[in-house]
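Engineer: target.pdb is reproduced below (PDB, N, CA, C and O atoms, pLDDT in the B column).
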```
ATOM      1  N   MET A 934      20.457 -60.070  -3.692  1.00 62.00           N
ATOM      2  CA  MET A 934      19.046 -60.374  -3.754  1.00 62.00           C
ATOM      3  C   MET A 934      18.560 -60.084  -5.168  1.00 62.00           C
ATOM      4  O   MET A 934      18.860 -59.049  -5.725  1.00 62.00           O
ATOM      5  N   THR A 935      17.849 -61.016  -5.694  1.00 81.00           N
ATOM      6  CA  THR A 935      17.293 -60.791  -7.023  1.00 81.00           C
ATOM      7  C   THR A 935      15.772 -60.789  -6.944  1.00 81.00           C
ATOM      8  O   THR A 935      15.186 -61.341  -6.024  1.00 81.00           O
ATOM      9  N   MET A 936      15.177 -60.164  -7.907  1.00 90.00           N
ATOM     10  CA  MET A 936      13.725 -60.101  -7.958  1.00 90.00           C
ATOM     11  C   MET A 936      13.144 -61.502  -8.160  1.00 90.00           C
ATOM     12  O   MET A 936      12.098 -61.831  -7.615  1.00 90.00           O
ATOM     13  N   LYS A 937      13.854 -62.336  -8.911  1.00 90.00           N
ATOM     14  CA  LYS A 937      13.385 -63.690  -9.157  1.00 90.00           C
ATOM     15  C   LYS A 937      13.255 -64.465  -7.848  1.00 90.00           C
ATOM     16  O   LYS A 937      12.292 -65.195  -7.651  1.00 90.00           O
ATOM     17  N   ASP A 938      14.208 -64.282  -6.942  1.00 90.00           N
ATOM     18  CA  ASP A 938      14.146 -64.965  -5.643  1.00 90.00           C
ATOM     19  C   ASP A 938      12.935 -64.495  -4.841  1.00 90.00           C
ATOM     20  O   ASP A 938      12.260 -65.303  -4.200  1.00 90.00           O
ATOM     21  N   LYS A 939      12.683 -63.202  -4.867  1.00 92.00           N
ATOM     22  CA  LYS A 939      11.528 -62.658  -4.145  1.00 92.00           C
ATOM     23  C   LYS A 939      10.219 -63.200  -4.714  1.00 92.00           C
ATOM     24  O   LYS A 939       9.303 -63.539  -3.973  1.00 92.00           O
ATOM     25  N   VAL A 940      10.146 -63.279  -6.036  1.00 94.00           N
ATOM     26  CA  VAL A 940       8.936 -63.789  -6.679  1.00 94.00           C
ATOM     27  C   VAL A 940       8.735 -65.262  -6.318  1.00 94.00           C
ATOM     28  O   VAL A 940       7.618 -65.685  -5.984  1.00 94.00           O
ATOM     29  N   GLN A 941       9.813 -66.040  -6.355  1.00 94.00           N
ATOM     30  CA  GLN A 941       9.712 -67.453  -6.017  1.00 94.00           C
ATOM     31  C   GLN A 941       9.292 -67.650  -4.558  1.00 94.00           C
ATOM     32  O   GLN A 941       8.544 -68.570  -4.243  1.00 94.00           O
ATOM     33  N   GLN A 942       9.767 -66.777  -3.663  1.00 95.00           N
ATOM     34  CA  GLN A 942       9.352 -66.854  -2.262  1.00 95.00           C
ATOM     35  C   GLN A 942       7.853 -66.578  -2.137  1.00 95.00           C
ATOM     36  O   GLN A 942       7.149 -67.273  -1.405  1.00 95.00           O
ATOM     37  N   ALA A 943       7.375 -65.583  -2.858  1.00 95.00           N
ATOM     38  CA  ALA A 943       5.956 -65.236  -2.806  1.00 95.00           C
ATOM     39  C   ALA A 943       5.081 -66.350  -3.383  1.00 95.00           C
ATOM     40  O   ALA A 943       4.057 -66.717  -2.797  1.00 95.00           O
ATOM     41  N   VAL A 944       5.505 -66.892  -4.501  1.00 96.00           N
ATOM     42  CA  VAL A 944       4.744 -67.973  -5.140  1.00 96.00           C
ATOM     43  C   VAL A 944       4.739 -69.208  -4.235  1.00 96.00           C
ATOM     44  O   VAL A 944       3.695 -69.847  -4.031  1.00 96.00           O
ATOM     45  N   GLY A 945       5.892 -69.538  -3.679  1.00 95.00           N
ATOM     46  CA  GLY A 945       5.968 -70.686  -2.775  1.00 95.00           C
ATOM     47  C   GLY A 945       5.109 -70.490  -1.546  1.00 95.00           C
ATOM     48  O   GLY A 945       4.418 -71.416  -1.097  1.00 95.00           O
ATOM     49  N   GLY A 946       5.117 -69.288  -0.995  1.00 96.00           N
ATOM     50  CA  GLY A 946       4.277 -69.005   0.171  1.00 96.00           C
ATOM     51  C   GLY A 946       2.801 -69.120  -0.154  1.00 96.00           C
ATOM     52  O   GLY A 946       2.013 -69.651   0.641  1.00 96.00           O
ATOM     53  N   ALA A 947       2.415 -68.648  -1.332  1.00 97.00           N
ATOM     54  CA  ALA A 947       1.015 -68.740  -1.753  1.00 97.00           C
ATOM     55  C   ALA A 947       0.601 -70.196  -1.946  1.00 97.00           C
ATOM     56  O   ALA A 947      -0.485 -70.598  -1.520  1.00 97.00           O
ATOM     57  N   ARG A 948       1.482 -70.990  -2.562  1.00 97.00           N
ATOM     58  CA  ARG A 948       1.168 -72.405  -2.762  1.00 97.00           C
ATOM     59  C   ARG A 948       1.039 -73.136  -1.423  1.00 97.00           C
ATOM     60  O   ARG A 948       0.168 -73.978  -1.254  1.00 97.00           O
ATOM     61  N   GLU A 949       1.929 -72.766  -0.506  1.00 96.00           N
ATOM     62  CA  GLU A 949       1.899 -73.391   0.817  1.00 96.00           C
ATOM     63  C   GLU A 949       0.577 -73.071   1.532  1.00 96.00           C
ATOM     64  O   GLU A 949      -0.064 -73.954   2.108  1.00 96.00           O
ATOM     65  N   LYS A 950       0.153 -71.824   1.478  1.00 97.00           N
ATOM     66  CA  LYS A 950      -1.095 -71.429   2.125  1.00 97.00           C
ATOM     67  C   LYS A 950      -2.301 -72.049   1.443  1.00 97.00           C
ATOM     68  O   LYS A 950      -3.247 -72.478   2.113  1.00 97.00           O
ATOM     69  N   LEU A 951      -2.270 -72.111   0.128  1.00 97.00           N
ATOM     70  CA  LEU A 951      -3.369 -72.724  -0.608  1.00 97.00           C
ATOM     71  C   LEU A 951      -3.482 -74.206  -0.253  1.00 97.00           C
ATOM     72  O   LEU A 951      -4.576 -74.718  -0.040  1.00 97.00           O
ATOM     73  N   GLY A 952      -2.345 -74.873  -0.160  1.00 96.00           N
ATOM     74  CA  GLY A 952      -2.353 -76.279   0.237  1.00 96.00           C
ATOM     75  C   GLY A 952      -2.870 -76.461   1.646  1.00 96.00           C
ATOM     76  O   GLY A 952      -3.576 -77.431   1.944  1.00 96.00           O
ATOM     77  N   ASP A 953      -2.566 -75.529   2.524  1.00 96.00           N
ATOM     78  CA  ASP A 953      -3.045 -75.595   3.903  1.00 96.00           C
ATOM     79  C   ASP A 953      -4.561 -75.410   3.955  1.00 96.00           C
ATOM     80  O   ASP A 953      -5.264 -76.143   4.653  1.00 96.00           O
ATOM     81  N   VAL A 954      -5.068 -74.441   3.193  1.00 97.00           N
ATOM     82  CA  VAL A 954      -6.502 -74.151   3.191  1.00 97.00           C
ATOM     83  C   VAL A 954      -7.294 -75.306   2.586  1.00 97.00           C
ATOM     84  O   VAL A 954      -8.358 -75.674   3.095  1.00 97.00           O
ATOM     85  N   THR A 955      -6.774 -75.887   1.526  1.00 96.00           N
ATOM     86  CA  THR A 955      -7.502 -76.953   0.838  1.00 96.00           C
ATOM     87  C   THR A 955      -7.237 -78.332   1.431  1.00 96.00           C
ATOM     88  O   THR A 955      -7.903 -79.300   1.067  1.00 96.00           O
ATOM     89  N   GLY A 956      -6.268 -78.420   2.319  1.00 96.00           N
ATOM     90  CA  GLY A 956      -5.944 -79.710   2.910  1.00 96.00           C
ATOM     91  C   GLY A 956      -5.078 -80.578   2.017  1.00 96.00           C
ATOM     92  O   GLY A 956      -4.953 -81.777   2.235  1.00 96.00           O
ATOM     93  N   ASN A 957      -4.471 -79.982   1.011  1.00 96.00           N
ATOM     94  CA  ASN A 957      -3.631 -80.705   0.063  1.00 96.00           C
ATOM     95  C   ASN A 957      -2.187 -80.678   0.582  1.00 96.00           C
ATOM     96  O   ASN A 957      -1.470 -79.686   0.419  1.00 96.00           O
ATOM     97  N   ASP A 958      -1.783 -81.764   1.227  1.00 96.00           N
ATOM     98  CA  ASP A 958      -0.458 -81.818   1.833  1.00 96.00           C
ATOM     99  C   ASP A 958       0.662 -81.759   0.797  1.00 96.00           C
ATOM    100  O   ASP A 958       1.725 -81.199   1.062  1.00 96.00           O
ATOM    101  N   ARG A 959       0.445 -82.331  -0.371  1.00 97.00           N
ATOM    102  CA  ARG A 959       1.464 -82.318  -1.414  1.00 97.00           C
ATOM    103  C   ARG A 959       1.720 -80.895  -1.909  1.00 97.00           C
ATOM    104  O   ARG A 959       2.867 -80.478  -2.071  1.00 97.00           O
ATOM    105  N   LEU A 960       0.664 -80.129  -2.114  1.00 96.00           N
ATOM    106  CA  LEU A 960       0.797 -78.736  -2.552  1.00 96.00           C
ATOM    107  C   LEU A 960       1.461 -77.899  -1.462  1.00 96.00           C
ATOM    108  O   LEU A 960       2.319 -77.063  -1.739  1.00 96.00           O
ATOM    109  N   LYS A 961       1.075 -78.132  -0.237  1.00 96.00           N
ATOM    110  CA  LYS A 961       1.662 -77.410   0.898  1.00 96.00           C
ATOM    111  C   LYS A 961       3.165 -77.676   0.991  1.00 96.00           C
ATOM    112  O   LYS A 961       3.970 -76.756   1.140  1.00 96.00           O
ATOM    113  N   ALA A 962       3.559 -78.930   0.881  1.00 97.00           N
ATOM    114  CA  ALA A 962       4.980 -79.297   0.952  1.00 97.00           C
ATOM    115  C   ALA A 962       5.752 -78.729  -0.238  1.00 97.00           C
ATOM    116  O   ALA A 962       6.882 -78.255  -0.085  1.00 97.00           O
ATOM    117  N   SER A 963       5.150 -78.749  -1.399  1.00 96.00           N
ATOM    118  CA  SER A 963       5.795 -78.222  -2.590  1.00 96.00           C
ATOM    119  C   SER A 963       6.021 -76.715  -2.449  1.00 96.00           C
ATOM    120  O   SER A 963       7.089 -76.201  -2.796  1.00 96.00           O
ATOM    121  N   GLY A 964       5.037 -76.007  -1.949  1.00 96.00           N
ATOM    122  CA  GLY A 964       5.166 -74.571  -1.735  1.00 96.00           C
ATOM    123  C   GLY A 964       6.228 -74.243  -0.699  1.00 96.00           C
ATOM    124  O   GLY A 964       7.020 -73.318  -0.865  1.00 96.00           O
ATOM    125  N   ARG A 965       6.257 -75.023   0.381  1.00 96.00           N
ATOM    126  CA  ARG A 965       7.261 -74.808   1.423  1.00 96.00           C
ATOM    127  C   ARG A 965       8.659 -75.013   0.861  1.00 96.00           C
ATOM    128  O   ARG A 965       9.568 -74.225   1.117  1.00 96.00           O
ATOM    129  N   SER A 966       8.828 -76.057   0.078  1.00 96.00           N
ATOM    130  CA  SER A 966      10.119 -76.342  -0.533  1.00 96.00           C
ATOM    131  C   SER A 966      10.541 -75.219  -1.476  1.00 96.00           C
ATOM    132  O   SER A 966      11.694 -74.773  -1.452  1.00 96.00           O
ATOM    133  N   GLN A 967       9.628 -74.753  -2.295  1.00 96.00           N
ATOM    134  CA  GLN A 967       9.927 -73.680  -3.238  1.00 96.00           C
ATOM    135  C   GLN A 967      10.313 -72.399  -2.498  1.00 96.00           C
ATOM    136  O   GLN A 967      11.278 -71.725  -2.862  1.00 96.00           O
ATOM    137  N   ARG A 968       9.582 -72.069  -1.448  1.00 96.00           N
ATOM    138  CA  ARG A 968       9.858 -70.858  -0.680  1.00 96.00           C
ATOM    139  C   ARG A 968      11.220 -70.931   0.001  1.00 96.00           C
ATOM    140  O   ARG A 968      12.017 -69.997  -0.048  1.00 96.00           O
ATOM    141  N   ARG A 969      11.516 -72.060   0.610  1.00 96.00           N
ATOM    142  CA  ARG A 969      12.788 -72.210   1.316  1.00 96.00           C
ATOM    143  C   ARG A 969      13.972 -72.218   0.362  1.00 96.00           C
ATOM    144  O   ARG A 969      15.033 -71.666   0.663  1.00 96.00           O
ATOM    145  N   THR A 970      13.818 -72.841  -0.791  1.00 95.00           N
ATOM    146  CA  THR A 970      14.882 -72.848  -1.786  1.00 95.00           C
ATOM    147  C   THR A 970      15.188 -71.425  -2.250  1.00 95.00           C
ATOM    148  O   THR A 970      16.354 -71.041  -2.371  1.00 95.00           O
ATOM    149  N   ALA A 971      14.148 -70.641  -2.461  1.00 94.00           N
ATOM    150  CA  ALA A 971      14.346 -69.252  -2.883  1.00 94.00           C
ATOM    151  C   ALA A 971      15.016 -68.443  -1.774  1.00 94.00           C
ATOM    152  O   ALA A 971      15.852 -67.579  -2.054  1.00 94.00           O
ATOM    153  N   GLN A 972      14.684 -68.727  -0.519  1.00 94.00           N
ATOM    154  CA  GLN A 972      15.322 -68.024   0.596  1.00 94.00           C
ATOM    155  C   GLN A 972      16.814 -68.340   0.648  1.00 94.00           C
ATOM    156  O   GLN A 972      17.634 -67.447   0.861  1.00 94.00           O
ATOM    157  N   VAL A 973      17.155 -69.593   0.464  1.00 94.00           N
ATOM    158  CA  VAL A 973      18.565 -69.991   0.481  1.00 94.00           C
ATOM    159  C   VAL A 973      19.318 -69.315  -0.654  1.00 94.00           C
ATOM    160  O   VAL A 973      20.423 -68.810  -0.465  1.00 94.00           O
ATOM    161  N   ARG A 974      18.722 -69.284  -1.832  1.00 93.00           N
ATOM    162  CA  ARG A 974      19.365 -68.623  -2.968  1.00 93.00           C
ATOM    163  C   ARG A 974      19.560 -67.138  -2.705  1.00 93.00           C
ATOM    164  O   ARG A 974      20.593 -66.561  -3.055  1.00 93.00           O
ATOM    165  N   GLU A 975      18.564 -66.517  -2.076  1.00 92.00           N
ATOM    166  CA  GLU A 975      18.668 -65.094  -1.774  1.00 92.00           C
ATOM    167  C   GLU A 975      19.822 -64.827  -0.802  1.00 92.00           C
ATOM    168  O   GLU A 975      20.603 -63.896  -0.994  1.00 92.00           O
ATOM    169  N   VAL A 976      19.949 -65.650   0.224  1.00 91.00           N
ATOM    170  CA  VAL A 976      21.041 -65.496   1.178  1.00 91.00           C
ATOM    171  C   VAL A 976      22.378 -65.702   0.492  1.00 91.00           C
ATOM    172  O   VAL A 976      23.329 -64.952   0.721  1.00 91.00           O
ATOM    173  N   ALA A 977      22.455 -66.691  -0.386  1.00 92.00           N
ATOM    174  CA  ALA A 977      23.700 -66.945  -1.119  1.00 92.00           C
ATOM    175  C   ALA A 977      24.071 -65.741  -1.993  1.00 92.00           C
ATOM    176  O   ALA A 977      25.238 -65.351  -2.052  1.00 92.00           O
ATOM    177  N   HIS A 978      23.091 -65.149  -2.650  1.00 90.00           N
ATOM    178  CA  HIS A 978      23.341 -63.969  -3.479  1.00 90.00           C
ATOM    179  C   HIS A 978      23.827 -62.814  -2.610  1.00 90.00           C
ATOM    180  O   HIS A 978      24.753 -62.090  -2.981  1.00 90.00           O
ATOM    181  N   ASP A 979      23.192 -62.621  -1.451  1.00 88.00           N
ATOM    182  CA  ASP A 979      23.585 -61.538  -0.558  1.00 88.00           C
ATOM    183  C   ASP A 979      25.015 -61.724  -0.062  1.00 88.00           C
ATOM    184  O   ASP A 979      25.783 -60.764  -0.008  1.00 88.00           O
ATOM    185  N   LEU A 980      25.368 -62.948   0.303  1.00 91.00           N
ATOM    186  CA  LEU A 980      26.715 -63.223   0.768  1.00 91.00           C
ATOM    187  C   LEU A 980      27.746 -62.993  -0.326  1.00 91.00           C
ATOM    188  O   LEU A 980      28.818 -62.448  -0.087  1.00 91.00           O
ATOM    189  N   ARG A 981      27.409 -63.406  -1.528  1.00 90.00           N
ATOM    190  CA  ARG A 981      28.314 -63.212  -2.655  1.00 90.00           C
ATOM    191  C   ARG A 981      28.507 -61.734  -2.939  1.00 90.00           C
ATOM    192  O   ARG A 981      29.613 -61.280  -3.240  1.00 90.00           O
ATOM    193  N   ASP A 982      27.448 -60.940  -2.818  1.00 88.00           N
ATOM    194  CA  ASP A 982      27.545 -59.495  -3.051  1.00 88.00           C
ATOM    195  C   ASP A 982      28.406 -58.813  -1.995  1.00 88.00           C
ATOM    196  O   ASP A 982      29.130 -57.862  -2.303  1.00 88.00           O
ATOM    197  N   LYS A 983      28.324 -59.300  -0.769  1.00 88.00           N
ATOM    198  CA  LYS A 983      29.110 -58.692   0.324  1.00 88.00           C
ATOM    199  C   LYS A 983      30.578 -59.070   0.254  1.00 88.00           C
ATOM    200  O   LYS A 983      31.418 -58.360   0.796  1.00 88.00           O
ATOM    201  N   ALA A 984      30.880 -60.205  -0.364  1.00 81.00           N
ATOM    202  CA  ALA A 984      32.270 -60.684  -0.416  1.00 81.00           C
ATOM    203  C   ALA A 984      33.107 -59.956  -1.442  1.00 81.00           C
ATOM    204  O   ALA A 984      32.835 -59.123  -2.154  1.00 81.00           O
TER     205      ALA A 984
END
```
Output the structure of this file as structure tokens.

Structural biologist:
Amino acid sequence: MTMKDKVQQAVGGAREKLGDVTGNDRLKASGRSQRRTAQVREVAHDLRDKA
């Protein structure tokens, strides 16, 4: 797990919520994508560390 992944998850989550509040579907989708990508990277890092 890296701090960068955690930050990207937080930023993506914030963008997703902001898009939801403002009704901006593009921002919401972009935030969701950013958050999920960071989650996948975090899992990959964790697996690599355990191996």

Engineer: When you count only C-alpha atoms, which of these residues is closest to Ala943 of chain A: A:Asn957, A:Ala971, A:Ala962, A:Val976?

Structural biologist: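 Result for the nearest residue to Ala943 of chain A: A:Ala971.
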
Engineer: Just want the 8 Å neighbourhood of Thr970 of chain A, counted on only N, CA, C and O atoms, with same-chain residues fewer than 5 positions away dropped. Output as a PyMOL selection string.

Structural biologist: chain A and resi 938+941-942+963-965+975-977

Engineer: For this file, the PyMOL selection byres ((chain A and resi 945) around 7) selects which residues, as a ChimeraX atom specification?

Structural biologist: /A:939-944,946-951,960-961,963-969

Engineer: Enter the distance from atom C of Asp979 of chain A to atom N of Thr935 of chain A, in Å, rounded to one decimal.

Structural biologist: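 These atoms are spaced 9.1 Å apart.
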
Engineer: One number please: atom O of Gly952 of chain A to atom O of Met936 of chain A, in Å, one decimal.

Structural biologist: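 According to the coordinates, atom O of Gly952 of chain A and atom O of Met936 of chain A are separated by 24.1 Å.
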
Engineer: Can you tell me how far atom N of Lys937 of chain A sits from atom N of Leu980 of chain A, in Å to one decimal?

Structural biologist: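 Spanning atom N of Lys937 of chain A to atom N of Leu980 of chain A is a straight-line distance of 14.8 Å.
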
Engineer: Considering only C-alpha atoms, return as a ChimeraX atom specification whatever protein or nucleic-acid residues lie within 9 Å of His978 of chain A, sequence-local ones (same chain, fewer than 4 positions apart) excluded.

Structural biologist: /A:934-935,973-974,982-983

Engineer: Would you mind putting all heavy atoms back on segment 954-965 of chain A and writing the result as an mmCIF file, in the frame of the given file?

Structural biologist:
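Now in part.cif:
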```cif
data_model
loop_
_atom_site.group_PDB
_atom_site.id
_atom_site.type_symbol
_atom_site.label_atom_id
_atom_site.label_comp_id
_atom_site.auth_asym_id
_atom_site.auth_seq_id
_atom_site.Cartn_x
_atom_site.Cartn_y
_atom_site.Cartn_z
ATOM 1 N N VAL A 954 -5.068 -74.441 3.193
ATOM 2 C CA VAL A 954 -6.502 -74.151 3.191
ATOM 3 C C VAL A 954 -7.294 -75.306 2.586
ATOM 4 O O VAL A 954 -8.358 -75.674 3.095
ATOM 5 C CB VAL A 954 -6.780 -72.841 2.417
ATOM 6 C CG1 VAL A 954 -8.260 -72.651 2.154
ATOM 7 C CG2 VAL A 954 -6.223 -71.654 3.194
ATOM 8 N N THR A 955 -6.774 -75.887 1.526
ATOM 9 C CA THR A 955 -7.502 -76.953 0.838
ATOM 10 C C THR A 955 -7.237 -78.332 1.431
ATOM 11 O O THR A 955 -7.903 -79.300 1.067
ATOM 12 C CB THR A 955 -7.133 -76.993 -0.659
ATOM 13 O OG1 THR A 955 -5.736 -77.249 -0.782
ATOM 14 C CG2 THR A 955 -7.494 -75.698 -1.347
ATOM 15 N N GLY A 956 -6.268 -78.420 2.319
ATOM 16 C CA GLY A 956 -5.944 -79.710 2.910
ATOM 17 C C GLY A 956 -5.078 -80.578 2.017
ATOM 18 O O GLY A 956 -4.953 -81.777 2.235
ATOM 19 N N ASN A 957 -4.471 -79.982 1.011
ATOM 20 C CA ASN A 957 -3.631 -80.705 0.063
ATOM 21 C C ASN A 957 -2.187 -80.678 0.582
ATOM 22 O O ASN A 957 -1.470 -79.686 0.419
ATOM 23 C CB ASN A 957 -3.733 -80.049 -1.316
ATOM 24 C CG ASN A 957 -3.016 -80.820 -2.386
ATOM 25 O OD1 ASN A 957 -2.086 -81.573 -2.116
ATOM 26 N ND2 ASN A 957 -3.442 -80.620 -3.631
ATOM 27 N N ASP A 958 -1.783 -81.764 1.227
ATOM 28 C CA ASP A 958 -0.458 -81.818 1.833
ATOM 29 C C ASP A 958 0.662 -81.759 0.797
ATOM 30 O O ASP A 958 1.725 -81.199 1.062
ATOM 31 C CB ASP A 958 -0.306 -83.084 2.676
ATOM 32 C CG ASP A 958 -1.181 -83.048 3.918
ATOM 33 O OD1 ASP A 958 -1.511 -81.931 4.387
ATOM 34 O OD2 ASP A 958 -1.532 -84.137 4.429
ATOM 35 N N ARG A 959 0.445 -82.331 -0.371
ATOM 36 C CA ARG A 959 1.464 -82.318 -1.414
ATOM 37 C C ARG A 959 1.720 -80.895 -1.909
ATOM 38 O O ARG A 959 2.867 -80.478 -2.071
ATOM 39 C CB ARG A 959 1.045 -83.209 -2.575
ATOM 40 C CG ARG A 959 2.132 -83.339 -3.631
ATOM 41 C CD ARG A 959 1.738 -84.280 -4.736
ATOM 42 N NE ARG A 959 1.670 -85.633 -4.188
ATOM 43 C CZ ARG A 959 1.151 -86.666 -4.835
ATOM 44 N NH1 ARG A 959 0.652 -86.494 -6.044
ATOM 45 N NH2 ARG A 959 1.129 -87.852 -4.291
ATOM 46 N N LEU A 960 0.664 -80.129 -2.114
ATOM 47 C CA LEU A 960 0.797 -78.736 -2.552
ATOM 48 C C LEU A 960 1.461 -77.899 -1.462
ATOM 49 O O LEU A 960 2.319 -77.063 -1.739
ATOM 50 C CB LEU A 960 -0.570 -78.154 -2.900
ATOM 51 C CG LEU A 960 -0.597 -76.716 -3.426
ATOM 52 C CD1 LEU A 960 0.218 -76.596 -4.714
ATOM 53 C CD2 LEU A 960 -2.034 -76.272 -3.665
ATOM 54 N N LYS A 961 1.075 -78.132 -0.237
ATOM 55 C CA LYS A 961 1.662 -77.410 0.898
ATOM 56 C C LYS A 961 3.165 -77.676 0.991
ATOM 57 O O LYS A 961 3.970 -76.756 1.140
ATOM 58 C CB LYS A 961 0.971 -77.841 2.191
ATOM 59 C CG LYS A 961 1.408 -77.091 3.411
ATOM 60 C CD LYS A 961 0.607 -77.548 4.625
ATOM 61 C CE LYS A 961 1.070 -76.884 5.890
ATOM 62 N NZ LYS A 961 0.312 -77.328 7.056
ATOM 63 N N ALA A 962 3.559 -78.930 0.881
ATOM 64 C CA ALA A 962 4.980 -79.297 0.952
ATOM 65 C C ALA A 962 5.752 -78.729 -0.238
ATOM 66 O O ALA A 962 6.882 -78.255 -0.085
ATOM 67 C CB ALA A 962 5.135 -80.806 1.007
ATOM 68 N N SER A 963 5.150 -78.749 -1.399
ATOM 69 C CA SER A 963 5.795 -78.222 -2.590
ATOM 70 C C SER A 963 6.021 -76.715 -2.449
ATOM 71 O O SER A 963 7.089 -76.201 -2.796
ATOM 72 C CB SER A 963 4.926 -78.502 -3.814
ATOM 73 O OG SER A 963 5.437 -77.883 -4.951
ATOM 74 N N GLY A 964 5.037 -76.007 -1.949
ATOM 75 C CA GLY A 964 5.166 -74.571 -1.735
ATOM 76 C C GLY A 964 6.228 -74.243 -0.699
ATOM 77 O O GLY A 964 7.020 -73.318 -0.865
ATOM 78 N N ARG A 965 6.257 -75.023 0.381
ATOM 79 C CA ARG A 965 7.261 -74.808 1.423
ATOM 80 C C ARG A 965 8.659 -75.013 0.861
ATOM 81 O O ARG A 965 9.568 -74.225 1.117
ATOM 82 C CB ARG A 965 7.023 -75.760 2.595
ATOM 83 C CG ARG A 965 7.975 -75.529 3.755
ATOM 84 C CD ARG A 965 7.765 -76.506 4.900
ATOM 85 N NE ARG A 965 6.380 -76.544 5.337
ATOM 86 C CZ ARG A 965 5.653 -77.656 5.384
ATOM 87 N NH1 ARG A 965 6.166 -78.817 5.057
ATOM 88 N NH2 ARG A 965 4.395 -77.611 5.792
#
```
